[in-house]
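Participant: Coordinates in my_file.txt, compact mmCIF, N, CA and C atoms, are listed below.
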```txt
# COMPACT_ATOMS: atom_id res chain seq x y z
N MET A 1 109.96 120.54 101.80
CA MET A 1 109.56 119.93 100.53
C MET A 1 109.28 118.45 100.75
N GLU A 2 108.23 117.97 100.15
CA GLU A 2 107.83 116.58 100.34
C GLU A 2 108.74 115.62 99.58
N ARG A 3 109.03 114.50 100.23
CA ARG A 3 109.87 113.48 99.61
C ARG A 3 109.13 112.78 98.48
N ARG A 4 109.85 112.47 97.43
CA ARG A 4 109.26 111.74 96.31
C ARG A 4 108.99 110.30 96.73
N PHE A 5 108.14 109.64 95.98
CA PHE A 5 107.83 108.25 96.25
C PHE A 5 109.09 107.40 96.05
N GLU A 6 109.32 106.47 96.94
CA GLU A 6 110.48 105.58 96.81
C GLU A 6 110.27 104.67 95.61
N GLU A 7 111.35 104.49 94.85
CA GLU A 7 111.27 103.68 93.64
C GLU A 7 110.82 102.26 93.96
N LYS A 8 111.29 101.70 95.04
CA LYS A 8 110.92 100.33 95.43
C LYS A 8 109.41 100.21 95.63
N THR A 9 108.83 101.18 96.28
CA THR A 9 107.38 101.18 96.53
C THR A 9 106.61 101.29 95.23
N VAL A 10 107.08 102.16 94.35
CA VAL A 10 106.41 102.36 93.06
C VAL A 10 106.51 101.10 92.20
N ARG A 11 107.69 100.48 92.18
CA ARG A 11 107.85 99.24 91.39
C ARG A 11 106.94 98.13 91.91
N LYS A 12 106.81 98.04 93.23
CA LYS A 12 105.91 97.02 93.80
C LYS A 12 104.48 97.27 93.36
N ALA A 13 104.08 98.52 93.38
CA ALA A 13 102.72 98.87 92.96
C ALA A 13 102.50 98.49 91.50
N LEU A 14 103.50 98.72 90.67
CA LEU A 14 103.41 98.36 89.25
C LEU A 14 103.37 96.85 89.08
N GLN A 15 104.20 96.13 89.81
CA GLN A 15 104.25 94.66 89.70
C GLN A 15 102.95 94.01 90.15
N ARG A 16 102.28 94.59 91.14
CA ARG A 16 101.03 94.01 91.63
C ARG A 16 99.98 93.91 90.52
N GLY A 17 100.08 94.74 89.52
CA GLY A 17 99.08 94.75 88.47
C GLY A 17 99.38 93.86 87.28
N TYR A 18 100.54 93.19 87.25
CA TYR A 18 100.92 92.40 86.07
C TYR A 18 99.93 91.29 85.75
N VAL A 19 99.52 90.53 86.73
CA VAL A 19 98.61 89.41 86.48
C VAL A 19 97.28 89.94 85.96
N ASP A 20 96.76 91.00 86.59
CA ASP A 20 95.51 91.59 86.13
C ASP A 20 95.67 92.16 84.72
N ALA A 21 96.83 92.74 84.44
CA ALA A 21 97.09 93.29 83.11
C ALA A 21 97.06 92.19 82.06
N GLN A 22 97.67 91.06 82.35
CA GLN A 22 97.69 89.96 81.39
C GLN A 22 96.28 89.41 81.16
N ARG A 23 95.49 89.31 82.23
CA ARG A 23 94.11 88.86 82.09
C ARG A 23 93.30 89.86 81.25
N LEU A 24 93.53 91.12 81.50
CA LEU A 24 92.81 92.16 80.77
C LEU A 24 93.16 92.14 79.29
N LEU A 25 94.43 91.95 78.98
CA LEU A 25 94.85 91.87 77.58
C LEU A 25 94.23 90.69 76.86
N ALA A 26 93.86 89.66 77.60
CA ALA A 26 93.27 88.45 77.00
C ALA A 26 91.74 88.51 76.93
N SER A 27 91.14 89.59 77.44
CA SER A 27 89.68 89.68 77.48
C SER A 27 89.19 90.96 76.79
N PRO A 28 88.80 90.85 75.51
CA PRO A 28 88.34 92.04 74.79
C PRO A 28 87.17 92.76 75.47
N SER A 29 86.23 92.03 76.03
CA SER A 29 85.07 92.69 76.65
C SER A 29 85.49 93.46 77.91
N GLN A 30 86.34 92.87 78.72
CA GLN A 30 86.82 93.57 79.91
C GLN A 30 87.71 94.75 79.52
N MET A 31 88.47 94.59 78.45
CA MET A 31 89.33 95.68 77.99
C MET A 31 88.50 96.88 77.57
N GLN A 32 87.38 96.66 76.91
CA GLN A 32 86.53 97.78 76.50
C GLN A 32 86.00 98.54 77.71
N LYS A 33 85.60 97.82 78.75
CA LYS A 33 85.14 98.47 79.98
C LYS A 33 86.28 99.27 80.62
N PHE A 34 87.45 98.68 80.62
CA PHE A 34 88.62 99.35 81.18
C PHE A 34 88.94 100.63 80.41
N LEU A 35 88.90 100.58 79.09
CA LEU A 35 89.20 101.76 78.27
C LEU A 35 88.22 102.90 78.55
N LEU A 36 86.98 102.57 78.82
CA LEU A 36 86.00 103.60 79.19
C LEU A 36 86.36 104.24 80.52
N ARG A 37 86.74 103.42 81.49
CA ARG A 37 87.17 103.95 82.80
C ARG A 37 88.41 104.82 82.64
N LEU A 38 89.31 104.41 81.77
CA LEU A 38 90.54 105.16 81.53
C LEU A 38 90.21 106.54 80.94
N GLU A 39 89.31 106.59 79.98
CA GLU A 39 88.90 107.87 79.39
C GLU A 39 88.30 108.79 80.45
N GLU A 40 87.46 108.22 81.33
CA GLU A 40 86.84 109.02 82.38
C GLU A 40 87.89 109.60 83.32
N LYS A 41 88.86 108.80 83.69
CA LYS A 41 89.91 109.27 84.60
C LYS A 41 90.74 110.36 83.93
N GLU A 42 91.08 110.19 82.66
CA GLU A 42 91.87 111.20 81.96
C GLU A 42 91.13 112.53 81.88
N GLU A 43 89.81 112.51 81.80
CA GLU A 43 89.03 113.74 81.77
C GLU A 43 89.10 114.46 83.11
N VAL A 44 89.21 113.72 84.20
CA VAL A 44 89.25 114.29 85.54
C VAL A 44 90.62 114.88 85.85
N VAL A 45 91.66 114.20 85.42
CA VAL A 45 93.02 114.61 85.75
C VAL A 45 93.49 115.64 84.73
N CYS A 46 93.63 116.86 85.17
CA CYS A 46 94.10 117.94 84.31
C CYS A 46 95.61 118.06 84.44
N THR A 47 96.31 118.07 83.31
CA THR A 47 97.76 118.21 83.33
C THR A 47 98.20 119.18 82.26
N VAL A 48 99.45 119.58 82.37
CA VAL A 48 100.04 120.47 81.37
C VAL A 48 100.78 119.61 80.36
N GLY A 49 100.70 119.96 79.10
CA GLY A 49 101.38 119.17 78.08
C GLY A 49 100.62 117.89 77.80
N GLU A 50 101.31 116.97 77.16
CA GLU A 50 100.68 115.70 76.84
C GLU A 50 100.89 114.72 77.97
N PRO A 51 99.83 114.30 78.63
CA PRO A 51 99.97 113.37 79.75
C PRO A 51 100.50 112.01 79.29
N LEU A 52 101.36 111.43 80.09
CA LEU A 52 101.91 110.11 79.79
C LEU A 52 100.80 109.07 79.68
N ALA A 53 99.78 109.19 80.52
CA ALA A 53 98.67 108.24 80.45
C ALA A 53 98.03 108.25 79.07
N ALA A 54 97.93 109.41 78.44
CA ALA A 54 97.33 109.51 77.10
C ALA A 54 98.20 108.80 76.07
N VAL A 55 99.52 108.94 76.20
CA VAL A 55 100.44 108.26 75.28
C VAL A 55 100.28 106.76 75.43
N LEU A 56 100.26 106.28 76.69
CA LEU A 56 100.13 104.85 76.94
C LEU A 56 98.78 104.33 76.47
N GLU A 57 97.74 105.15 76.62
CA GLU A 57 96.42 104.73 76.14
C GLU A 57 96.41 104.59 74.62
N ARG A 58 97.01 105.54 73.92
CA ARG A 58 97.07 105.43 72.45
C ARG A 58 97.83 104.18 72.04
N LEU A 59 98.95 103.93 72.71
CA LEU A 59 99.72 102.71 72.43
C LEU A 59 98.86 101.48 72.64
N LEU A 60 98.17 101.42 73.75
CA LEU A 60 97.31 100.27 74.05
C LEU A 60 96.23 100.09 72.98
N ARG A 61 95.58 101.17 72.60
CA ARG A 61 94.52 101.07 71.58
C ARG A 61 95.09 100.59 70.24
N ARG A 62 96.24 101.11 69.86
CA ARG A 62 96.84 100.69 68.59
C ARG A 62 97.33 99.25 68.66
N TYR A 63 97.77 98.83 69.82
CA TYR A 63 98.19 97.44 70.02
C TYR A 63 96.97 96.52 69.89
N LEU A 64 95.89 96.89 70.55
CA LEU A 64 94.67 96.08 70.51
C LEU A 64 94.08 96.00 69.10
N ASP A 65 94.20 97.09 68.36
CA ASP A 65 93.69 97.12 66.98
C ASP A 65 94.62 96.40 66.01
N GLY A 66 95.81 95.99 66.49
CA GLY A 66 96.78 95.32 65.63
C GLY A 66 97.54 96.29 64.75
N GLU A 67 97.38 97.57 65.00
CA GLU A 67 98.04 98.60 64.21
C GLU A 67 99.52 98.74 64.61
N TYR A 68 99.81 98.54 65.89
CA TYR A 68 101.20 98.61 66.37
C TYR A 68 101.46 97.40 67.26
N THR A 69 102.33 96.52 66.81
CA THR A 69 102.62 95.29 67.57
C THR A 69 104.10 95.13 67.86
N ALA A 70 104.90 96.15 67.58
CA ALA A 70 106.35 96.06 67.78
C ALA A 70 106.72 96.37 69.22
N ILE A 71 106.07 95.70 70.15
CA ILE A 71 106.34 95.87 71.57
C ILE A 71 106.26 94.49 72.21
N SER A 72 107.13 94.24 73.16
CA SER A 72 107.15 92.93 73.81
C SER A 72 105.92 92.75 74.69
N ALA A 73 105.57 91.49 74.92
CA ALA A 73 104.43 91.18 75.80
C ALA A 73 104.70 91.70 77.21
N ALA A 74 105.95 91.62 77.66
CA ALA A 74 106.30 92.09 79.00
C ALA A 74 106.10 93.60 79.11
N ALA A 75 106.53 94.34 78.12
CA ALA A 75 106.36 95.80 78.14
C ALA A 75 104.88 96.17 78.07
N MET A 76 104.12 95.43 77.25
CA MET A 76 102.69 95.73 77.14
C MET A 76 102.00 95.46 78.47
N ALA A 77 102.39 94.40 79.16
CA ALA A 77 101.81 94.11 80.47
C ALA A 77 102.16 95.22 81.46
N GLN A 78 103.37 95.76 81.39
CA GLN A 78 103.75 96.87 82.27
C GLN A 78 102.92 98.11 81.96
N VAL A 79 102.69 98.38 80.69
CA VAL A 79 101.88 99.53 80.29
C VAL A 79 100.46 99.38 80.84
N VAL A 80 99.86 98.22 80.66
CA VAL A 80 98.50 98.00 81.14
C VAL A 80 98.46 98.04 82.67
N SER A 81 99.46 97.49 83.31
CA SER A 81 99.53 97.54 84.77
C SER A 81 99.58 98.98 85.26
N ALA A 82 100.40 99.80 84.62
CA ALA A 82 100.49 101.22 85.01
C ALA A 82 99.15 101.93 84.79
N LEU A 83 98.48 101.61 83.68
CA LEU A 83 97.19 102.24 83.42
C LEU A 83 96.12 101.74 84.39
N LEU A 84 96.19 100.47 84.78
CA LEU A 84 95.27 99.95 85.80
C LEU A 84 95.45 100.72 87.11
N TYR A 85 96.70 100.95 87.47
CA TYR A 85 96.98 101.70 88.69
C TYR A 85 96.44 103.12 88.55
N PHE A 86 96.66 103.74 87.41
CA PHE A 86 96.21 105.09 87.15
C PHE A 86 94.69 105.21 87.31
N VAL A 87 93.97 104.22 86.83
CA VAL A 87 92.51 104.23 86.87
C VAL A 87 91.97 103.95 88.27
N SER A 88 92.69 103.16 89.03
CA SER A 88 92.21 102.76 90.35
C SER A 88 92.15 103.95 91.31
N PRO A 89 91.00 104.19 91.93
CA PRO A 89 90.92 105.29 92.90
C PRO A 89 91.55 104.91 94.25
N TRP A 90 91.77 103.63 94.47
CA TRP A 90 92.31 103.16 95.75
C TRP A 90 93.68 102.54 95.52
N ASP A 91 94.69 103.35 95.65
CA ASP A 91 96.05 102.89 95.44
C ASP A 91 96.90 103.36 96.62
N LEU A 92 98.17 103.67 96.43
CA LEU A 92 98.99 104.12 97.56
C LEU A 92 98.30 105.25 98.31
N TYR A 93 97.80 106.21 97.56
CA TYR A 93 97.01 107.31 98.12
C TYR A 93 95.76 107.44 97.28
N PRO A 94 94.58 107.36 97.92
CA PRO A 94 93.34 107.54 97.16
C PRO A 94 93.36 108.88 96.42
N ASP A 95 92.71 108.92 95.27
CA ASP A 95 92.70 110.13 94.46
C ASP A 95 92.17 111.35 95.22
N SER A 96 91.36 111.11 96.24
CA SER A 96 90.76 112.22 96.99
C SER A 96 91.75 112.91 97.94
N VAL A 97 92.94 112.33 98.15
CA VAL A 97 93.92 112.94 99.06
C VAL A 97 94.63 114.08 98.32
N PRO A 98 94.42 115.32 98.76
CA PRO A 98 95.03 116.46 98.07
C PRO A 98 96.56 116.35 97.99
N GLY A 99 97.07 116.61 96.81
CA GLY A 99 98.52 116.63 96.62
C GLY A 99 99.15 115.27 96.41
N LYS A 100 98.62 114.24 97.01
CA LYS A 100 99.21 112.91 96.89
C LYS A 100 98.35 111.97 96.04
N GLY A 101 97.08 112.26 95.95
CA GLY A 101 96.15 111.36 95.27
C GLY A 101 96.48 111.08 93.82
N TYR A 102 97.03 112.07 93.14
CA TYR A 102 97.41 111.86 91.75
C TYR A 102 98.93 111.73 91.61
N ALA A 103 99.66 112.16 92.62
CA ALA A 103 101.13 112.08 92.56
C ALA A 103 101.60 110.64 92.50
N ASP A 104 100.93 109.75 93.23
CA ASP A 104 101.34 108.34 93.18
C ASP A 104 101.04 107.75 91.81
N ASP A 105 99.93 108.17 91.19
CA ASP A 105 99.62 107.72 89.83
C ASP A 105 100.75 108.13 88.88
N ALA A 106 101.17 109.39 89.00
CA ALA A 106 102.24 109.90 88.14
C ALA A 106 103.54 109.14 88.37
N ALA A 107 103.82 108.79 89.62
CA ALA A 107 105.05 108.06 89.94
C ALA A 107 105.04 106.67 89.30
N VAL A 108 103.90 106.00 89.31
CA VAL A 108 103.80 104.67 88.71
C VAL A 108 103.91 104.77 87.18
N LEU A 109 103.27 105.76 86.59
CA LEU A 109 103.38 105.95 85.14
C LEU A 109 104.83 106.25 84.75
N ASP A 110 105.50 107.08 85.55
CA ASP A 110 106.90 107.40 85.29
C ASP A 110 107.79 106.17 85.42
N CYS A 111 107.52 105.33 86.40
CA CYS A 111 108.29 104.09 86.59
C CYS A 111 108.11 103.19 85.36
N CYS A 112 106.90 103.09 84.87
CA CYS A 112 106.62 102.30 83.66
C CYS A 112 107.43 102.85 82.50
N TRP A 113 107.45 104.18 82.36
CA TRP A 113 108.21 104.80 81.27
C TRP A 113 109.68 104.41 81.37
N LYS A 114 110.25 104.51 82.57
CA LYS A 114 111.66 104.20 82.76
C LYS A 114 111.97 102.73 82.45
N LEU A 115 111.08 101.83 82.86
CA LEU A 115 111.29 100.40 82.64
C LEU A 115 111.15 100.01 81.17
N CYS A 116 110.31 100.73 80.45
CA CYS A 116 110.01 100.37 79.05
C CYS A 116 110.49 101.44 78.07
N GLN A 117 111.35 102.31 78.49
CA GLN A 117 111.71 103.49 77.70
C GLN A 117 112.09 103.20 76.25
N PRO A 118 112.98 102.25 75.97
CA PRO A 118 113.33 102.03 74.55
C PRO A 118 112.11 101.65 73.70
N GLU A 119 111.25 100.80 74.24
CA GLU A 119 110.09 100.38 73.47
C GLU A 119 109.05 101.51 73.34
N LEU A 120 108.92 102.31 74.38
CA LEU A 120 107.98 103.43 74.31
C LEU A 120 108.49 104.52 73.38
N GLU A 121 109.78 104.76 73.38
CA GLU A 121 110.35 105.74 72.45
C GLU A 121 110.21 105.25 71.00
N ALA A 122 110.35 103.95 70.80
CA ALA A 122 110.15 103.38 69.46
C ALA A 122 108.70 103.59 69.02
N TYR A 123 107.77 103.42 69.95
CA TYR A 123 106.36 103.65 69.62
C TYR A 123 106.14 105.12 69.24
N LEU A 124 106.68 106.04 70.02
CA LEU A 124 106.50 107.45 69.73
C LEU A 124 107.10 107.82 68.37
N ALA A 125 108.24 107.25 68.05
CA ALA A 125 108.86 107.48 66.73
C ALA A 125 107.94 106.95 65.63
N TRP A 126 107.39 105.77 65.83
CA TRP A 126 106.46 105.18 64.87
C TRP A 126 105.22 106.09 64.72
N GLU A 127 104.72 106.57 65.85
CA GLU A 127 103.54 107.43 65.84
C GLU A 127 103.81 108.72 65.05
N ARG A 128 104.98 109.32 65.26
CA ARG A 128 105.35 110.53 64.51
C ARG A 128 105.45 110.23 63.01
N GLU A 129 106.03 109.09 62.70
CA GLU A 129 106.16 108.68 61.30
C GLU A 129 104.78 108.51 60.65
N GLN A 130 103.84 107.93 61.38
CA GLN A 130 102.49 107.76 60.85
C GLN A 130 101.83 109.10 60.59
N LEU A 131 102.07 110.05 61.48
CA LEU A 131 101.51 111.39 61.32
C LEU A 131 102.09 112.07 60.08
N VAL A 132 103.39 111.94 59.90
CA VAL A 132 104.05 112.52 58.73
C VAL A 132 103.50 111.88 57.46
N CYS A 133 103.33 110.57 57.46
CA CYS A 133 102.79 109.87 56.30
C CYS A 133 101.37 110.32 55.99
N ARG A 134 100.55 110.45 57.02
CA ARG A 134 99.16 110.90 56.81
C ARG A 134 99.12 112.33 56.28
N ASN A 135 99.93 113.20 56.88
CA ASN A 135 99.95 114.60 56.44
C ASN A 135 100.55 114.72 55.05
N GLY A 136 101.56 113.92 54.76
CA GLY A 136 102.21 113.94 53.45
C GLY A 136 101.27 113.46 52.36
N SER A 137 100.53 112.39 52.66
CA SER A 137 99.63 111.84 51.65
C SER A 137 98.38 112.69 51.50
N ALA A 138 98.01 113.43 52.56
CA ALA A 138 96.83 114.30 52.48
C ALA A 138 97.09 115.49 51.57
N GLY A 139 98.36 115.93 51.55
CA GLY A 139 98.69 117.08 50.72
C GLY A 139 99.04 116.72 49.29
N ALA A 140 99.16 115.44 49.00
CA ALA A 140 99.56 115.00 47.64
C ALA A 140 98.42 115.03 46.69
```
Written as C-alpha cells, that's how I'd like the structure from this file.

Facilitator:
Amino acid sequence: MERRFEEKTVRKALQRGYVDAQRLLASPSQMQKFLLRLEEKEEVVCTVGEPLAAVLERLLRRYLDGEYTAISAAAMAQVVSALLYFVSPWDLYPDSVPGKGYADDAAVLDCCWKLCQPELEAYLAWEREQLVCRNGSAGA
C-alpha cells in the first residue's frame, strides 16, 4: 500500500501559495480568470460525493460577492492557496501521473480543511441555514 503524503510536505505546498493567494484576492480581474480555471479543473476531476474543492469554491465566491464575510483573512488566504494548488497542473505530482496526480491535490485540500476547520464548518452551517431560509420562504 502506498504511503500517504507527509503532512510537512503538504503544509509547505499550501504555504507556498499564500502570497499568490493574497495577490489574487486583491485583484478582481485575475480572480475571475482563476475562477474559470477552477471550474474547468472541477469538471475534469470526477469524485464521489461533494468534492471539498467545490465547497471551497462556493465559499470563495460568496466571500467575493460579500455574501459571506465571517472568515478571517488568514483562513481565506489558505482556502485560495489550496485552490491555487488544486488548479495547478504542475505541483508535487503533475495531474498526468496516474494515481498520484490528483492525490496530492486532495492532500493539500484536506490540509486546508484541517487548518481552517472551525471556520469552514461555520461556513457550512451558514450555508445550510441559507438553504433552509430559501426553502422555507419559497413554501410560504

Participant: What's the separation between atom N of Ser29 (chain A) and atom C of Trp126 (chain A), in Å to one decimal place?

Facilitator: 26.2 Å

Participant: Neighbours of Ala70 (chain A) within 9 Å (only C-alpha atoms; same-chain residues fewer than 3 positions away dropped), as a PyMOL selection string?

Facilitator: chain A and resi 63+119+122-123

Participant: Report, in Å with one decimal, the straight-line distance from atom N of Val108 (chain A) to atom N of Leu14 (chain A).

Facilitator: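 Atom N of Val108 (chain A) sits 7.4 Å away from atom N of Leu14 (chain A).
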
Participant: Out of chain A, which residues get alpha helix (DSSP H) from DSSP, as a ChimeraX atom specification?

Facilitator: /A:7-16,18-25,28-44,52-64,73-87,103-138

Participant: Between atom N of Pro118 (chain A) and atom N of Leu83 (chain A), what is the distance, to one decimal in Å?

Facilitator: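 It comes out at 16.4 Å.
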
Participant: Nearest to Val87 (chain A) among A:Ile71, A:Ala13, A:Leu35, A:Ala26, with distances taken over only C-alpha atoms: which residue is it?

Facilitator: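 Selected residue with least distance to Val87 (chain A): A:Leu35.
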
Participant: Using only N, CA and C atoms, which residue out of A:Ser81, A:Asn135, A:Thr69, A:Gln32 lies closest to Tyr18 (chain A)?

Facilitator: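 That would be A:Ser81, the residue with the smallest distance to Tyr18 (chain A).
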
Participant: Quick one: of A:Val79, A:Ala53, A:Gly99, A:Trp90, who's nearest to Leu115 (chain A), counting only C-alpha atoms?

Facilitator: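 Counting only C-alpha atoms, the residue closest to Leu115 (chain A) is A:Val79.
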
Participant: Fewer than 3 positions away in the same chain doesn't count, so skip those; otherwise give me all residues within 12 Å of Ala103 (chain A), counting only C-alpha atoms, as a PyMOL selection string.

Facilitator: chain A and resi 2-5+10+45+47+85-86+91-100+106-110

Participant: In the coordinates of the file, take the point (104.1, 91.8, 81.9) and a cut-off of 8 Å; then, counting all atoms listed in the file, name each qualifying protein, DNA or RNA residue as a list in words.

Facilitator: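 Counting all atoms listed in the file, I find these residues within 8 Å of (104.1, 91.8, 81.9): Gly17, Tyr18, Val19, Ala21, Gln22, Ser72, Ala73, Ala74, Ala75, Met76, Ala77, Gln78, Val79, Val80 and Ser81 of chain A.
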
Participant: Missing atoms in region 85-102 of chain A: fill them in up to N, CA, C and O atoms and send the result as a short mmCIF file (atom, residue, chain, number, x, y, z; two decimals), in the coordinates of the input.

Facilitator:
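See result-v2.cif below for the written result:
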```cif
data_model
loop_
_atom_site.label_atom_id
_atom_site.label_comp_id
_atom_site.auth_asym_id
_atom_site.auth_seq_id
_atom_site.Cartn_x
_atom_site.Cartn_y
_atom_site.Cartn_z
N TYR A 85 96.70 100.95 87.47
CA TYR A 85 96.98 101.70 88.69
C TYR A 85 96.44 103.12 88.55
O TYR A 85 95.82 103.65 89.47
N PHE A 86 96.66 103.74 87.41
CA PHE A 86 96.21 105.09 87.15
C PHE A 86 94.69 105.21 87.31
O PHE A 86 94.18 106.17 87.88
N VAL A 87 93.97 104.22 86.83
CA VAL A 87 92.51 104.23 86.87
C VAL A 87 91.97 103.95 88.27
O VAL A 87 90.94 104.48 88.66
N SER A 88 92.69 103.16 89.03
CA SER A 88 92.21 102.76 90.35
C SER A 88 92.15 103.95 91.31
O SER A 88 93.14 104.65 91.50
N PRO A 89 91.00 104.19 91.93
CA PRO A 89 90.92 105.29 92.90
C PRO A 89 91.55 104.91 94.25
O PRO A 89 91.84 105.76 95.06
N TRP A 90 91.77 103.63 94.47
CA TRP A 90 92.31 103.16 95.75
C TRP A 90 93.68 102.54 95.52
O TRP A 90 93.80 101.38 95.20
N ASP A 91 94.69 103.35 95.65
CA ASP A 91 96.05 102.89 95.44
C ASP A 91 96.90 103.36 96.62
O ASP A 91 96.38 103.43 97.72
N LEU A 92 98.17 103.67 96.43
CA LEU A 92 98.99 104.12 97.56
C LEU A 92 98.30 105.25 98.31
O LEU A 92 98.25 105.27 99.53
N TYR A 93 97.80 106.21 97.56
CA TYR A 93 97.01 107.31 98.12
C TYR A 93 95.76 107.44 97.28
O TYR A 93 95.83 107.62 96.07
N PRO A 94 94.58 107.36 97.92
CA PRO A 94 93.34 107.54 97.16
C PRO A 94 93.36 108.88 96.42
O PRO A 94 93.96 109.85 96.89
N ASP A 95 92.71 108.92 95.27
CA ASP A 95 92.70 110.13 94.46
C ASP A 95 92.17 111.35 95.22
O ASP A 95 92.50 112.48 94.89
N SER A 96 91.36 111.11 96.24
CA SER A 96 90.76 112.22 96.99
C SER A 96 91.75 112.91 97.94
O SER A 96 91.44 113.96 98.47
N VAL A 97 92.94 112.33 98.15
CA VAL A 97 93.92 112.94 99.06
C VAL A 97 94.63 114.08 98.32
O VAL A 97 95.35 113.83 97.34
N PRO A 98 94.42 115.32 98.76
CA PRO A 98 95.03 116.46 98.07
C PRO A 98 96.56 116.35 97.99
O PRO A 98 97.22 116.03 98.98
N GLY A 99 97.07 116.61 96.81
CA GLY A 99 98.52 116.63 96.62
C GLY A 99 99.15 115.27 96.41
O GLY A 99 100.15 115.16 95.70
N LYS A 100 98.62 114.24 97.01
CA LYS A 100 99.21 112.91 96.89
C LYS A 100 98.35 111.97 96.04
O LYS A 100 98.87 111.01 95.50
N GLY A 101 97.08 112.26 95.95
CA GLY A 101 96.15 111.36 95.27
C GLY A 101 96.48 111.08 93.82
O GLY A 101 96.25 109.98 93.34
N TYR A 102 97.03 112.07 93.14
CA TYR A 102 97.41 111.86 91.75
C TYR A 102 98.93 111.73 91.61
O TYR A 102 99.42 111.25 90.60
#
```
